[in-house]
Every structure is written in C-alpha cells, then in structure tokens.
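These notes are about the structure you will find just below.
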Amino acid sequence: MINYSVLDYSSYISLIENLILPLELYRGDVYDNGDNNATIGYGYNLVVRNNNLENFTNAGITLDTTQTAVLSEIDRLVTNGASKSEITDYALANLNITITQDQALSLFRGILPEYEQPAIDLGMPLSKERGQKMGTDLFFKKWGQIYFSSTYGRVAS
C-alpha cells in the first residue's frame, strides 16, 4: 500500500501552481509560444480547445462583443479541424485582449481538471504525490513536445 501525504484542496492547488507557474511565466496578451500555438496567460493554449469562450467566461474574464465573436470562431476552427497555423494566425490577428495575472491564474485553474484523469485513474487522493504527478505530466506535455519538435522536427497535430 502506498502512503500518501494527503492535502486539502487549497494546498493541493498551491502545490501545482508552485510547480507549473514558474515554468510557464505570465503573458497577458496573445502570442505564439514558439511552436505555432496561440497562447495567453500562464501557458493557456487556444489551439487545442474548442471551449475557449466557455473557459474565459468561467474564469471571470469580461469580454466585449468582438472578443466573444473571435473566441467563438477559434472554437469553431478547432472543432472543424483547422491547422494549428490557421488557428494561431487567426488568433494573433483578431484576438485583441489583455488579461491580468489574476485572470490568467483563474484560466489556469479552470483547465486543471483536463489533466487530472491519469491521477484519478490511479486512485490517487489529493496529495503531495498527486500534485507532483500533475506537475510532471504538465511539464513533460509542454516541454517534452517542444524538445521533440526542436530536435526531430515539428510534431503533427
């Protein structure tokens, strides 16, 4: 039996944030992360999700009608299988928004459940070990792809 260092939810989220946020860094504007992915905040990738509008709204980010329309179009492009390049070019040209660090943090926290399934499948409780697994999974998902892409060529999406 594995003994876990069980944490309350707040401590668990703090652990993940302390592992990941220093690697991601904050940028309030939309930018190309260097791997043809439109990104904002703490590494929030607009290209891999078709629920960006929902995520921004859930994070408490107030959007004007143009920003709402642009996020809806990005979601449509993702849903319809547009290329990373097409989505990134569209986002860079049309999504004029700057989010605060607090908004970026809310956006980051809102997508954490997307990465939880492996730990849940292993039956891991909210714990130091689960937080470290999440941090490691997120680290290798991002930096492993960048290393592989820069060493062996771009990974097809």
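Letters for chains follow the order of the structure tokens (A, B, ...), residue numbers begin at 1 for each chain, and ligand numbers begin at 1 in the order shown.
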
Using only C-alpha atoms, tabulate the residues of segment 32-65 of chain A lying at most 12 Å from any atom of segment 110-113 of chain A, each with its closest atom pair and that distance in Å to one decimal, by chain and increasing residue number, as a tab-separated table.
```
residue	atom	partner	partner_atom	distance
A:Tyr42	CA	A:Ile111	CA	11.2
A:Gly43	CA	A:Ile111	CA	10.9
A:Tyr44	CA	A:Ile111	CA	8.5
A:Asn45	CA	A:Ile111	CA	10.4
A:Leu46	CA	A:Ile111	CA	11.6
A:Val48	CA	A:Ile111	CA	11.7
A:Arg49	CA	A:Ile111	CA	10.1
A:Asn51	CA	A:Ile111	CA	10.5
A:Asn52	CA	A:Ile111	CA	10.2
A:Glu54	CA	A:Gly110	CA	10.1
A:Asn55	CA	A:Gly110	CA	6.8
A:Phe56	CA	A:Gly110	CA	8.9
A:Thr57	CA	A:Gly110	CA	10.3
A:Asn58	CA	A:Gly110	CA	7.4
A:Ala59	CA	A:Gly110	CA	6.7
A:Gly60	CA	A:Gly110	CA	10.4
A:Ile61	CA	A:Gly110	CA	12.0
```

Take the selection from the previous step and output its residues with N, CA and C atoms, as a PDB file, in the first residue's frame.
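Output below, filename part37.pdb:
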```
ATOM      1  N   TYR A  42      -0.870  32.056 -18.388  1.00  0.00           N
ATOM      2  CA  TYR A  42       0.135  31.101 -17.926  1.00  0.00           C
ATOM      3  C   TYR A  42       0.089  29.851 -18.805  1.00  0.00           C
ATOM      4  N   GLY A  43       0.446  30.014 -20.080  1.00  0.00           N
ATOM      5  CA  GLY A  43       0.532  28.879 -20.981  1.00  0.00           C
ATOM      6  C   GLY A  43      -0.796  28.329 -21.456  1.00  0.00           C
ATOM      7  N   TYR A  44      -1.867  29.123 -21.377  1.00  0.00           N
ATOM      8  CA  TYR A  44      -3.164  28.664 -21.857  1.00  0.00           C
ATOM      9  C   TYR A  44      -3.123  28.614 -23.381  1.00  0.00           C
ATOM     10  N   ASN A  45      -3.252  27.412 -23.940  1.00  0.00           N
ATOM     11  CA  ASN A  45      -3.151  27.181 -25.375  1.00  0.00           C
ATOM     12  C   ASN A  45      -4.536  27.248 -26.010  1.00  0.00           C
ATOM     13  N   LEU A  46      -4.748  28.239 -26.842  1.00  0.00           N
ATOM     14  CA  LEU A  46      -6.042  28.428 -27.502  1.00  0.00           C
ATOM     15  C   LEU A  46      -6.287  27.422 -28.626  1.00  0.00           C
ATOM     16  N   VAL A  48      -5.755  24.083 -28.805  1.00  0.00           N
ATOM     17  CA  VAL A  48      -6.100  22.685 -28.506  1.00  0.00           C
ATOM     18  C   VAL A  48      -7.481  22.509 -27.891  1.00  0.00           C
ATOM     19  N   ARG A  49      -8.215  23.601 -27.706  1.00  0.00           N
ATOM     20  CA  ARG A  49      -9.519  23.524 -27.041  1.00  0.00           C
ATOM     21  C   ARG A  49     -10.608  24.124 -27.915  1.00  0.00           C
ATOM     22  N   ASN A  51     -13.480  24.994 -26.432  1.00  0.00           N
ATOM     23  CA  ASN A  51     -14.352  25.626 -25.430  1.00  0.00           C
ATOM     24  C   ASN A  51     -13.666  26.841 -24.800  1.00  0.00           C
ATOM     25  N   ASN A  52     -12.905  27.559 -25.616  1.00  0.00           N
ATOM     26  CA  ASN A  52     -12.188  28.733 -25.111  1.00  0.00           C
ATOM     27  C   ASN A  52     -13.139  29.798 -24.578  1.00  0.00           C
ATOM     28  N   GLU A  54     -16.087  29.450 -23.301  1.00  0.00           N
ATOM     29  CA  GLU A  54     -16.586  28.971 -22.005  1.00  0.00           C
ATOM     30  C   GLU A  54     -15.521  29.115 -20.918  1.00  0.00           C
ATOM     31  N   ASN A  55     -14.289  28.749 -21.228  1.00  0.00           N
ATOM     32  CA  ASN A  55     -13.213  28.835 -20.229  1.00  0.00           C
ATOM     33  C   ASN A  55     -12.936  30.279 -19.817  1.00  0.00           C
ATOM     34  N   PHE A  56     -12.928  31.197 -20.774  1.00  0.00           N
ATOM     35  CA  PHE A  56     -12.697  32.606 -20.451  1.00  0.00           C
ATOM     36  C   PHE A  56     -13.839  33.137 -19.582  1.00  0.00           C
ATOM     37  N   THR A  57     -15.058  32.785 -19.957  1.00  0.00           N
ATOM     38  CA  THR A  57     -16.231  33.224 -19.185  1.00  0.00           C
ATOM     39  C   THR A  57     -16.190  32.660 -17.770  1.00  0.00           C
ATOM     40  N   ASN A  58     -15.902  31.358 -17.647  1.00  0.00           N
ATOM     41  CA  ASN A  58     -15.817  30.722 -16.330  1.00  0.00           C
ATOM     42  C   ASN A  58     -14.697  31.315 -15.471  1.00  0.00           C
ATOM     43  N   ALA A  59     -13.658  31.838 -16.107  1.00  0.00           N
ATOM     44  CA  ALA A  59     -12.547  32.453 -15.378  1.00  0.00           C
ATOM     45  C   ALA A  59     -12.873  33.884 -14.948  1.00  0.00           C
ATOM     46  N   GLY A  60     -14.071  34.357 -15.305  1.00  0.00           N
ATOM     47  CA  GLY A  60     -14.473  35.708 -14.901  1.00  0.00           C
ATOM     48  C   GLY A  60     -13.894  36.803 -15.766  1.00  0.00           C
ATOM     49  N   ILE A  61     -13.443  36.458 -16.961  1.00  0.00           N
ATOM     50  CA  ILE A  61     -12.872  37.446 -17.877  1.00  0.00           C
ATOM     51  C   ILE A  61     -14.015  38.083 -18.663  1.00  0.00           C
TER      52      ILE A  61
END
```

message: If we count only C-alpha atoms and set the cut-off at 12 Å, which residues sit around Thr79 of chain A, ignoring sequence neighbours fewer than 2 positions away in its own chain? Please answer as a ChimeraX atom specification.
response: /A:47-52,72-77,81-84,87

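Using only C-alpha atoms, the shortest contact distance between Ala38 of chain A and any of A:Val78, A:Ala69, A:Leu7, A:Ile16 is found at A:Val78.
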
message: I need the strand (DSSP E or B) residues of segment 15-69 of chain A per DSSP on the backbone, written as a PyMOL selection string.
response: chain A and resi 27-32+38-41+44-45

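Those residues that approach segment 115-125 of chain A to within 7 Å, counting only C-alpha atoms, are Val6, Arg130 and Met134 of chain A; same-chain residues fewer than 4 positions away are not listed.
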
- request: Extract the full set of helix (DSSP H, G or I) residues from chain A according to DSSP on the backbone, and format it as a ChimeraX atom specification.
  value: /A:9-24,52-58,65-79,84-94,101-115,117-121,128-152
